[in-house]
>>> print(open('final.cif').read())   # mmCIF, C-alpha atoms
data_target
#
loop_
_atom_site.label_atom_id
_atom_site.label_comp_id
_atom_site.auth_asym_id
_atom_site.auth_seq_id
_atom_site.Cartn_x
_atom_site.Cartn_y
_atom_site.Cartn_z
CA MET G 1 26.83 -2.49 -1.29
CA LEU G 2 24.74 -5.00 0.65
CA ARG G 3 21.54 -3.74 -0.99
CA LYS G 4 23.12 -4.10 -4.43
CA PHE G 5 24.33 -7.59 -3.54
CA LEU G 6 20.83 -8.64 -2.48
CA MET G 7 19.31 -7.17 -5.63
CA ASN G 8 21.66 -9.31 -7.72
CA TYR G 9 20.99 -12.29 -5.44
CA PHE G 10 17.23 -12.01 -5.89
CA GLU G 11 17.61 -11.60 -9.65
CA LYS G 12 18.73 -15.22 -9.83
CA MET G 13 15.40 -16.40 -8.44
CA PRO G 14 12.31 -17.24 -10.52
CA GLN G 15 9.71 -14.53 -11.14
CA TYR G 16 7.33 -14.89 -8.20
CA THR G 17 9.95 -15.91 -5.66
CA ARG G 18 11.97 -12.88 -6.73
CA PHE G 19 8.90 -10.66 -6.45
CA PHE G 20 8.11 -11.55 -2.84
CA ALA G 21 11.77 -11.59 -1.77
CA SER G 22 12.36 -8.10 -3.20
CA GLU G 23 9.19 -6.71 -1.66
CA MET G 24 9.78 -8.21 1.79
CA VAL G 25 13.45 -7.25 2.14
CA LEU G 26 14.17 -4.34 -0.19
CA ALA G 27 10.67 -2.81 -0.31
CA GLN G 28 10.90 -2.58 -4.07
CA ASN G 29 10.02 -4.46 -7.20
CA PRO G 30 11.48 -2.75 -10.26
CA SER G 31 10.41 -5.48 -12.68
CA THR G 32 7.40 -4.68 -14.86
CA ASP G 33 6.60 -8.40 -15.10
CA ASN G 34 4.71 -8.25 -11.81
CA LYS G 35 2.76 -5.07 -12.48
CA VAL G 36 -0.47 -7.05 -12.77
CA LEU G 37 0.07 -8.70 -9.39
CA LEU G 38 0.83 -5.36 -7.75
CA ASN G 39 -2.35 -3.89 -9.23
CA SER G 40 -4.30 -6.90 -7.95
CA TYR G 41 -3.06 -6.32 -4.40
CA ARG G 42 -3.95 -2.64 -4.74
CA ASP G 43 -7.42 -3.30 -6.17
CA LEU G 44 -8.23 -5.72 -3.36
CA GLY G 45 -7.08 -3.21 -0.76
CA ILE G 46 -4.32 -5.47 0.59
CA ILE G 47 -1.30 -3.67 -0.83
CA HIS G 48 -0.20 -2.99 2.76
CA LEU G 49 0.84 -6.65 3.00
CA LEU G 50 3.69 -5.94 0.59
CA SER G 51 4.86 -2.96 2.61
CA ILE G 52 7.41 -3.90 5.25
CA SER G 53 6.27 -2.26 8.47
CA GLY G 54 5.16 -3.10 11.99
CA LEU G 55 4.33 -6.72 11.20
CA HIS G 56 7.83 -7.37 9.94
CA VAL G 57 9.49 -5.58 12.85
CA SER G 58 7.46 -7.70 15.27
CA LEU G 59 8.40 -10.90 13.44
CA TYR G 60 12.08 -9.95 13.30
CA VAL G 61 12.18 -9.11 17.00
CA LEU G 62 10.25 -12.26 17.87
CA GLY G 63 12.58 -14.42 15.79
CA ILE G 64 15.75 -12.87 17.20
CA THR G 65 14.40 -13.12 20.74
CA TRP G 66 13.57 -16.79 20.22
CA LEU G 67 17.05 -17.43 18.81
CA GLY G 68 18.62 -15.59 21.74
CA THR G 69 16.64 -17.73 24.16
CA VAL G 70 17.75 -20.92 22.42
CA ILE G 71 21.44 -19.99 22.53
CA LYS G 72 21.01 -18.58 26.05
CA ARG G 73 21.95 -14.95 25.44
CA THR G 74 21.18 -12.19 27.92
CA GLU G 75 18.31 -9.76 27.39
CA GLU G 76 20.75 -6.93 26.75
CA GLU G 77 22.60 -8.92 24.08
CA VAL G 78 19.33 -9.83 22.38
CA THR G 79 18.24 -6.18 22.43
CA ILE G 80 21.52 -5.05 20.87
CA LEU G 81 21.14 -7.69 18.18
CA CYS G 82 17.55 -6.59 17.48
CA VAL G 83 18.55 -2.93 17.20
CA THR G 84 21.48 -3.78 14.92
CA PHE G 85 19.33 -5.96 12.69
CA LEU G 86 16.61 -3.32 12.40
CA VAL G 87 19.13 -0.60 11.53
CA ILE G 88 20.56 -2.79 8.76
CA GLU G 89 17.07 -3.56 7.45
CA ILE G 90 16.20 0.16 7.47
CA LEU G 91 19.15 0.71 5.14
CA LEU G 92 18.22 -2.29 2.98
CA SER G 93 14.62 -1.10 2.65
CA ASN G 94 15.86 2.31 1.52
CA PHE G 95 14.25 3.97 4.57
CA GLN G 96 10.77 2.70 3.76
CA ALA G 97 8.48 4.86 5.89
CA GLY G 98 6.42 2.11 7.51
CA PHE G 99 9.45 0.11 8.53
CA VAL G 100 11.30 3.16 9.86
CA ARG G 101 8.22 4.10 11.89
CA ALA G 102 7.91 0.65 13.44
CA SER G 103 11.66 0.46 14.11
CA LEU G 104 11.68 3.88 15.78
CA SER G 105 8.79 2.75 17.93
CA TYR G 106 10.84 -0.28 19.02
CA PHE G 107 13.95 1.84 19.68
CA TRP G 108 12.03 4.31 21.83
CA GLY G 109 10.28 1.45 23.61
CA VAL G 110 13.64 -0.04 24.54
CA PHE G 111 14.90 3.36 25.71
CA PHE G 112 11.87 4.05 27.91
CA LYS G 113 12.04 0.55 29.37
CA ARG G 114 15.72 0.88 30.28
CA LYS G 115 15.15 4.32 31.80
CA LYS G 116 11.97 3.08 33.52
CA ILE G 117 9.95 5.92 32.04
CA MET G 118 6.21 5.40 31.77
CA VAL G 119 4.95 6.67 28.42
CA SER G 120 1.53 6.08 26.91
CA SER G 121 1.27 4.56 23.45
CA GLY G 122 -0.18 7.81 22.13
CA ASP G 123 2.71 9.87 23.49
CA LYS G 124 5.21 7.39 22.10
CA LEU G 125 3.59 7.69 18.68
CA GLY G 126 4.00 11.46 18.86
CA ILE G 127 7.68 11.09 19.77
CA VAL G 128 8.17 8.66 16.88
CA VAL G 129 6.57 11.12 14.45
CA LEU G 130 8.81 13.97 15.63
CA THR G 131 11.91 11.77 15.44
CA HIS G 132 11.03 10.61 11.95
CA LEU G 133 10.39 14.19 10.82
CA LEU G 134 13.75 15.21 12.25
CA PHE G 135 15.48 12.80 9.87
CA ASN G 136 13.07 13.33 6.98
CA PRO G 137 11.28 16.72 7.01
CA LEU G 138 9.51 15.83 3.74
CA LEU G 139 8.10 12.63 5.25
CA PHE G 140 4.42 13.41 4.81
CA LEU G 141 4.76 14.27 1.15
CA SER G 142 4.67 10.51 0.64
CA SER G 143 1.29 8.79 0.54
CA GLY G 144 2.89 5.65 1.99
CA ALA G 145 4.09 7.53 5.07
CA ILE G 146 0.70 9.19 5.53
CA LEU G 147 -1.10 5.86 5.33
CA SER G 148 1.38 4.19 7.69
CA TYR G 149 1.02 6.78 10.43
CA LEU G 150 -2.70 7.20 9.86
CA LEU G 151 -3.26 3.47 10.37
CA VAL G 152 -1.26 3.49 13.61
CA PHE G 153 -3.17 6.56 14.77
CA GLY G 154 -6.39 4.78 13.88
CA LEU G 155 -5.35 1.73 15.88
CA GLU G 156 -4.65 3.99 18.84
CA ILE G 157 -8.01 5.78 18.84
CA SER G 158 -9.97 2.59 18.14
CA LYS G 159 -8.09 0.26 20.50
CA ASP G 160 -11.23 -0.38 22.55
CA PHE G 161 -13.21 -1.51 19.50
CA LYS G 162 -13.88 -5.13 18.69
CA LYS G 163 -11.80 -6.56 15.85
CA ILE G 164 -14.37 -6.35 13.04
CA ARG G 165 -15.55 -2.89 14.07
CA GLN G 166 -11.95 -1.72 14.27
CA ASN G 167 -11.23 -2.99 10.76
CA PHE G 168 -14.20 -1.08 9.40
CA ALA G 169 -13.10 2.05 11.28
CA LEU G 170 -9.54 1.82 9.93
CA ASN G 171 -10.73 1.32 6.36
CA LEU G 172 -13.06 4.29 6.68
CA LEU G 173 -10.22 6.38 8.10
CA ILE G 174 -7.80 5.75 5.23
CA THR G 175 -10.42 5.96 2.47
CA PRO G 176 -9.94 9.73 1.86
CA ILE G 177 -6.18 9.24 1.40
CA LEU G 178 -6.74 6.31 -0.95
CA LEU G 179 -9.22 8.28 -3.05
CA HIS G 180 -6.91 11.26 -3.24
CA ASN G 181 -3.92 9.20 -4.37
CA PHE G 182 -5.30 6.10 -6.08
CA TYR G 183 -8.87 7.11 -7.09
CA ARG G 184 -10.40 3.65 -6.54
CA ILE G 185 -11.76 1.91 -3.48
CA ASN G 186 -12.87 -1.63 -2.74
CA PHE G 187 -15.82 -1.98 -0.39
CA LEU G 188 -14.97 -5.63 0.28
CA THR G 189 -11.45 -4.87 1.53
CA VAL G 190 -12.28 -6.03 5.06
CA ILE G 191 -13.41 -9.42 3.74
CA TYR G 192 -10.37 -9.77 1.48
CA ASN G 193 -8.11 -8.98 4.42
CA PHE G 194 -9.72 -11.68 6.54
CA LEU G 195 -9.29 -14.19 3.70
CA ILE G 196 -5.81 -13.34 2.46
CA VAL G 197 -3.93 -12.00 5.50
CA PRO G 198 -3.72 -15.43 7.23
CA ILE G 199 -2.41 -17.01 4.02
CA PHE G 200 0.15 -14.25 3.70
CA ASN G 201 1.28 -14.35 7.33
CA PHE G 202 1.47 -18.12 7.76
CA ILE G 203 2.51 -19.28 4.28
CA LEU G 204 3.92 -16.54 2.05
CA LEU G 205 5.97 -14.63 4.60
CA PRO G 206 7.70 -17.59 6.32
CA LEU G 207 8.33 -19.33 3.00
CA THR G 208 9.84 -16.16 1.54
CA PHE G 209 12.45 -15.89 4.28
CA ILE G 210 13.18 -19.62 4.24
CA VAL G 211 13.94 -19.39 0.51
CA ILE G 212 16.05 -16.24 0.97
CA PHE G 213 18.24 -17.93 3.59
CA LEU G 214 18.57 -21.29 1.82
CA PHE G 215 18.72 -20.33 -1.86
CA TRP G 216 22.47 -19.66 -1.83
CA CYS G 217 23.29 -23.20 -0.70
CA LEU G 218 20.19 -25.01 -1.94
CA PRO G 219 19.02 -23.40 -5.21
CA ALA G 220 16.65 -26.29 -5.84
CA ILE G 221 14.41 -24.99 -3.07
CA VAL G 222 12.78 -22.68 -5.62
CA MET G 223 11.37 -25.80 -7.26
CA LEU G 224 9.19 -26.00 -4.16
CA SER G 225 8.58 -22.31 -3.53
CA GLU G 226 7.86 -21.05 -7.04
CA PRO G 227 4.72 -23.18 -7.65
CA ILE G 228 3.34 -22.07 -4.27
CA PHE G 229 4.08 -18.41 -4.93
CA LYS G 230 2.68 -18.66 -8.45
CA GLY G 231 -0.46 -20.44 -7.26
CA LEU G 232 -1.18 -17.80 -4.63
CA ALA G 233 -0.39 -15.02 -7.11
CA ASP G 234 -2.76 -16.55 -9.66
CA LEU G 235 -5.45 -16.83 -6.98
CA THR G 236 -4.98 -13.16 -6.07
CA ASN G 237 -5.14 -12.12 -9.72
CA PHE G 238 -8.24 -14.26 -10.26
CA ILE G 239 -10.09 -12.66 -7.35
CA ALA G 240 -8.99 -9.17 -8.41
CA ASP G 241 -10.09 -9.77 -12.01
CA LYS G 242 -13.66 -10.25 -10.79
CA GLN G 243 -13.55 -6.64 -9.52
CA LEU G 244 -16.07 -7.46 -6.82
CA GLY G 245 -16.58 -4.42 -4.62
CA LEU G 246 -14.20 -2.28 -6.69
CA VAL G 247 -15.46 1.23 -7.44
CA THR G 248 -13.69 3.83 -9.55
CA PHE G 249 -14.66 6.81 -7.43
CA GLY G 250 -12.34 9.45 -8.86
CA GLN G 251 -9.86 11.80 -7.23
CA ILE G 252 -10.95 13.99 -4.34
CA ASN G 253 -9.04 17.21 -3.64
CA TRP G 254 -7.08 18.01 -0.49
CA LEU G 255 -9.82 20.10 1.11
CA GLN G 256 -12.29 17.26 0.68
CA THR G 257 -9.68 14.80 1.96
CA ILE G 258 -8.99 16.79 5.12
CA PHE G 259 -12.69 17.37 5.77
CA LEU G 260 -13.51 13.66 5.48
CA LEU G 261 -10.53 12.73 7.66
CA VAL G 262 -11.55 15.13 10.43
CA VAL G 263 -15.18 14.00 10.43
CA THR G 264 -14.12 10.34 10.44
CA VAL G 265 -11.77 10.88 13.38
CA PHE G 266 -14.54 12.58 15.35
CA LEU G 267 -16.86 9.69 14.51
CA ILE G 268 -14.33 7.22 15.94
CA ILE G 269 -13.32 9.10 19.08
CA LEU G 270 -16.69 10.51 20.15
CA PRO G 271 -18.28 8.81 23.14
CA LYS G 272 -21.30 6.60 22.60
CA HIS G 273 -23.70 9.42 21.91
CA LYS G 274 -26.18 8.09 19.38
CA ILE G 275 -27.47 11.43 18.11
CA GLN G 276 -23.98 12.86 17.55
CA LYS G 277 -22.79 9.71 15.84
CA LEU G 278 -25.89 9.64 13.64
CA LYS G 279 -25.22 13.23 12.57
CA LEU G 280 -21.59 12.47 11.77
CA ARG G 281 -22.52 9.35 9.82
CA SER G 282 -25.04 11.38 7.84
CA ILE G 283 -22.39 14.02 7.11
CA ILE G 284 -19.89 11.39 5.93
CA VAL G 285 -22.39 9.57 3.73
CA GLY G 286 -23.72 12.84 2.34
CA ALA G 287 -20.20 14.09 1.60
CA TYR G 288 -19.16 10.93 -0.24
CA VAL G 289 -22.39 10.80 -2.25
CA SER G 290 -22.13 14.49 -3.15
CA ILE G 291 -18.50 14.22 -4.25
CA PHE G 292 -19.25 11.06 -6.23
CA CYS G 293 -22.12 12.76 -8.06
CA LEU G 294 -20.03 15.85 -8.83
CA ILE G 295 -17.32 13.64 -10.35
CA HIS G 296 -19.56 11.24 -12.26
CA PHE G 297 -22.35 13.63 -13.26
CA PRO G 298 -20.49 16.87 -14.04
CA LEU G 299 -22.44 20.01 -14.85
CA LYS G 300 -20.01 20.87 -17.63
CA GLY G 301 -18.31 18.89 -20.34
CA GLN G 302 -14.57 19.07 -20.81
CA ILE G 303 -11.78 18.58 -23.30
CA SER G 304 -8.53 17.42 -21.70
CA PHE G 305 -5.17 17.17 -23.44
CA ILE G 306 -3.28 14.39 -21.67
CA ASP G 307 0.49 14.79 -21.51
CA VAL G 308 1.68 11.37 -22.68
CA GLY G 309 5.14 12.50 -23.72
CA GLN G 310 5.10 11.14 -27.26
CA GLY G 311 2.08 11.65 -29.50
CA ASP G 312 -1.29 13.06 -28.49
CA SER G 313 -4.11 11.90 -26.28
CA ILE G 314 -7.32 13.88 -25.92
CA LEU G 315 -10.22 13.12 -23.60
CA ILE G 316 -13.66 14.52 -24.41
CA THR G 317 -16.53 14.23 -21.93
CA THR G 318 -20.13 15.44 -22.03
CA PRO G 319 -22.04 16.94 -19.07
CA LEU G 320 -24.53 15.25 -16.72
CA HIS G 321 -25.11 11.74 -18.07
CA ARG G 322 -21.46 11.67 -19.01
CA LYS G 323 -20.20 10.18 -22.24
CA THR G 324 -16.46 9.73 -22.60
CA TYR G 325 -14.37 9.63 -25.76
CA LEU G 326 -10.62 9.27 -26.13
CA ILE G 327 -8.65 10.35 -29.19
CA ASP G 328 -5.40 8.38 -29.36
CA THR G 329 -3.65 6.87 -26.36
CA GLY G 330 -0.06 7.96 -26.87
CA GLY G 331 2.87 5.90 -28.04
CA LYS G 332 5.41 3.82 -26.18
CA LEU G 333 8.82 5.27 -25.51
CA ASN G 334 11.82 2.96 -25.62
CA PHE G 335 15.24 4.46 -25.13
CA GLY G 336 18.09 1.99 -25.33
CA LYS G 337 17.49 -1.61 -24.36
CA LYS G 338 15.58 -0.94 -21.17
CA LYS G 339 11.93 -1.93 -21.31
CA SER G 340 9.52 0.83 -20.45
CA GLU G 341 5.90 0.66 -19.47
CA PRO G 342 3.50 2.11 -22.07
CA GLN G 343 2.24 5.62 -21.39
CA LEU G 344 -1.26 4.18 -21.60
CA ASN G 345 -0.65 2.35 -18.32
CA ARG G 346 1.50 4.97 -16.62
CA ILE G 347 -0.36 8.13 -17.59
CA THR G 348 -3.61 7.71 -19.52
CA ILE G 349 -5.37 5.09 -17.40
CA PRO G 350 -4.49 6.75 -14.05
CA PHE G 351 -5.75 10.05 -15.46
CA LEU G 352 -9.03 8.41 -16.47
CA TYR G 353 -9.40 6.82 -13.04
CA ALA G 354 -8.79 10.23 -11.45
CA GLN G 355 -11.75 11.52 -13.48
CA GLY G 356 -13.87 8.63 -12.21
CA ILE G 357 -13.86 6.95 -15.62
CA ASP G 358 -13.61 3.17 -15.75
CA HIS G 359 -14.88 2.70 -19.30
CA LEU G 360 -14.94 4.65 -22.55
CA ASP G 361 -17.84 5.14 -24.91
CA GLY G 362 -15.51 5.55 -27.85
CA VAL G 363 -11.83 5.45 -28.78
CA PHE G 364 -10.52 7.06 -31.96
CA PHE G 365 -7.09 6.48 -33.48
CA LYS G 366 -5.44 8.83 -35.93
CA SER G 367 -3.21 6.14 -37.39
CA SER G 368 -3.71 2.47 -38.08
CA GLY G 369 -0.32 1.68 -36.58
CA CYS G 370 -1.45 2.37 -33.02
CA ARG G 371 -1.74 -0.81 -31.00
CA SER G 372 -2.93 0.54 -27.66
CA TYR G 373 -6.40 -0.40 -26.48
CA TRP G 374 -8.64 0.48 -23.55
#
>>> encode(input="final.cif", output="structure tokens")
Amino acid sequence: MLRKFLMNYFEKMPQYTRFFASEMVLAQNPSTDNKVLLNSYRDLGIIHLLSISGLHVSLYVLGITWLGTVIKRTEEEVTILCVTFLVIEILLSNFQAGFVRASLSYFWGVFFKRKKIMVSSGDKLGIVVLTHLLFNPLLFLSSGAILSYLLVFGLEISKDFKKIRQNFALNLLITPILLHNFYRINFLTVIYNFLIVPIFNFILLPLTFIVIFLFWCLPAIVMLSEPIFKGLADLTNFIADKQLGLVTFGQINWLQTIFLLVVTVFLIILPKHKIQKLKLRSIIVGAYVSIFCLIHFPLKGQISFIDVGQGDSILITTPLHRKTYLIDTGGKLNFGKKKSEPQLNRITIPFLYAQGIDHLDGVFFKSSGCRSYW
């Protein structure tokens, strides 16, 4: 009921204010109006900012603790309030994996502190994983959950690294998962994070929650927030449109993913042995180059019939110096009054990206009425 109420509450807000409010509280954004902005965050490698997780748990706990200090509440009362708030937010976020993980980590931290049990951060992470799996055995079938836990694991094994080196290590660690699920990677992600994360943390996030709390009694506040949100969204879209550092690598299979993950972990955790690290770096570089060449310079051509639901879509590629041709792109299904995203965006383009294709040498339409373009 509360989640439904908030969904209706956010619907009254302007486009960009609604977008950030829905993402930050409900971990969802069903509107297709902001698809471009979501893709921009993904292309820049900063989509994690829109995923409520450890950062939000820390901010919530910090805010509640500060409030408890101001009104002179006991530590136990503040802890109970924090736990209650996090449980409610878990329900509101529809059990979003990253937020549940961070909340479980806080719950176990409180438990160990009260029982005066000394537990290392690595052991606590293991307990959190087991607890999460107990409630959701299918947890790691979700790419979001895999990325969330992999990042925390990466932070744990690289905690002695300097900040910049750690960022590079974390990006290298999650790259196989990104390529398996999203097919594209941005080599400038570290730079984009340094540029955009401070703006997000110190402007977007606080402003979002201020608007959420005040909108019901002061609707005019969106006159202030919407231009700021829109300006930052336009800036993000502008940077993403340049596609600097963005490479359409193609999809790697699970065996390749696991192999690259294992080698990367060994590269991070091995002691400072130059020869071993040099060998591992050579293996990683060689593996990525080999996989890239196999995807982009295939030994065989192929004809692929793409399941677009309505109509036909056929991809034809030639071997080696690959040429790509697409016959039709599929229609657009509209049942009832609900707007639906074209199959071109939902099916055809992701399929092309999975093949490592970011441009076509030719597009052929069987009817003049087709209005889809690549």
>>> resolve_selection(input="final.cif", expression="the PyMOL selection byres ((chain G and resi 226) around 8)", output="JSON, numbers by chain")
{"G": [14, 15, 16, 17, 222, 223, 224, 225, 227, 228, 229, 230]}
>>> atom_distance(input="final.cif", atom1="CA of Pro319 (chain G)", atom2="CA of Trp254 (chain G)")
23.9 Å
>>> resolve_selection(input="final.cif", expression="the PyMOL selection byres ((chain G and resi 322) around 9)", output="ChimeraX atom specification")
/G:296-298,301,317-321,323-324
>>> closest_residue(input="final.cif", among="G:Ser51, G:Ser121, G:Thr69, G:Asn345", to="Gly144 (chain G)", atoms="all atoms listed in the file")
G:Ser51
>>> closest_residue(input="final.cif", among="G:Gly54, G:Pro219, G:Gly63, G:Gly122", to="Ala102 (chain G)", atoms="all atoms listed in the file")
G:Gly54
>>> resolve_selection(input="final.cif", expression="the PyMOL selection byres ((chain G and resi 124) around 12)", output="number ranges by chain")
G: 101-102, 104-112, 117-123, 125-131, 152-153, 156
>>> closest_residue(input="final.cif", among="G:Ile177, G:Ile268, G:Met13, G:Ile275", to="Gly154 (chain G)", atoms="all atoms listed in the file")
G:Ile268
>>> closest_residue(input="final.cif", among="G:Val197, G:Leu50, G:Leu261, G:Ile88", to="Leu37 (chain G)", atoms="all atoms listed in the file")
G:Leu50
>>> atom_distance(input="final.cif", atom1="CA of Asp43 (chain G)", atom2="CA of Leu172 (chain G)")
16.0 Å
>>> residues_around(input="final.cif", residues="Leu26 (chain G)", least_positions_apart="6", cutoff="12 Å", atoms="only C-alpha atoms", output="list in words")
Leu2, Arg3, Lys4, Phe5, Leu6, Met7, Asn8, Tyr9, Phe10, Arg18, Phe19, Phe20, Leu50, Ser51, Ile52, Ser53, Ile88, Glu89, Ile90, Leu91, Leu92, Ser93, Asn94, Phe95, Gln96 and Phe99 of chain G
>>> atom_distance(input="final.cif", atom1="CA of Ala354 (chain G)", atom2="CA of Ala97 (chain G)")
25.1 Å
>>> closest_residue(input="final.cif", among="G:Thr32, G:Asn181, G:Gln276, G:Gln251", to="Val263 (chain G)", atoms="all atoms listed in the file")
G:Gln276
>>> axis_aligned_box(input="final.cif", around="region 8-16 of chain G", padding_each_side="8 Å", output="lines of an AutoDock Vina configuration file")
center_x = 14.5
center_y = -13.3
center_z = -8.3
size_x = 30.3
size_y = 23.9
size_z = 21.7
>>> closest_residue(input="final.cif", among="G:Leu138, G:Ala287, G:Ile164, G:Leu232", to="Leu204 (chain G)", atoms="all atoms listed in the file")
G:Leu232
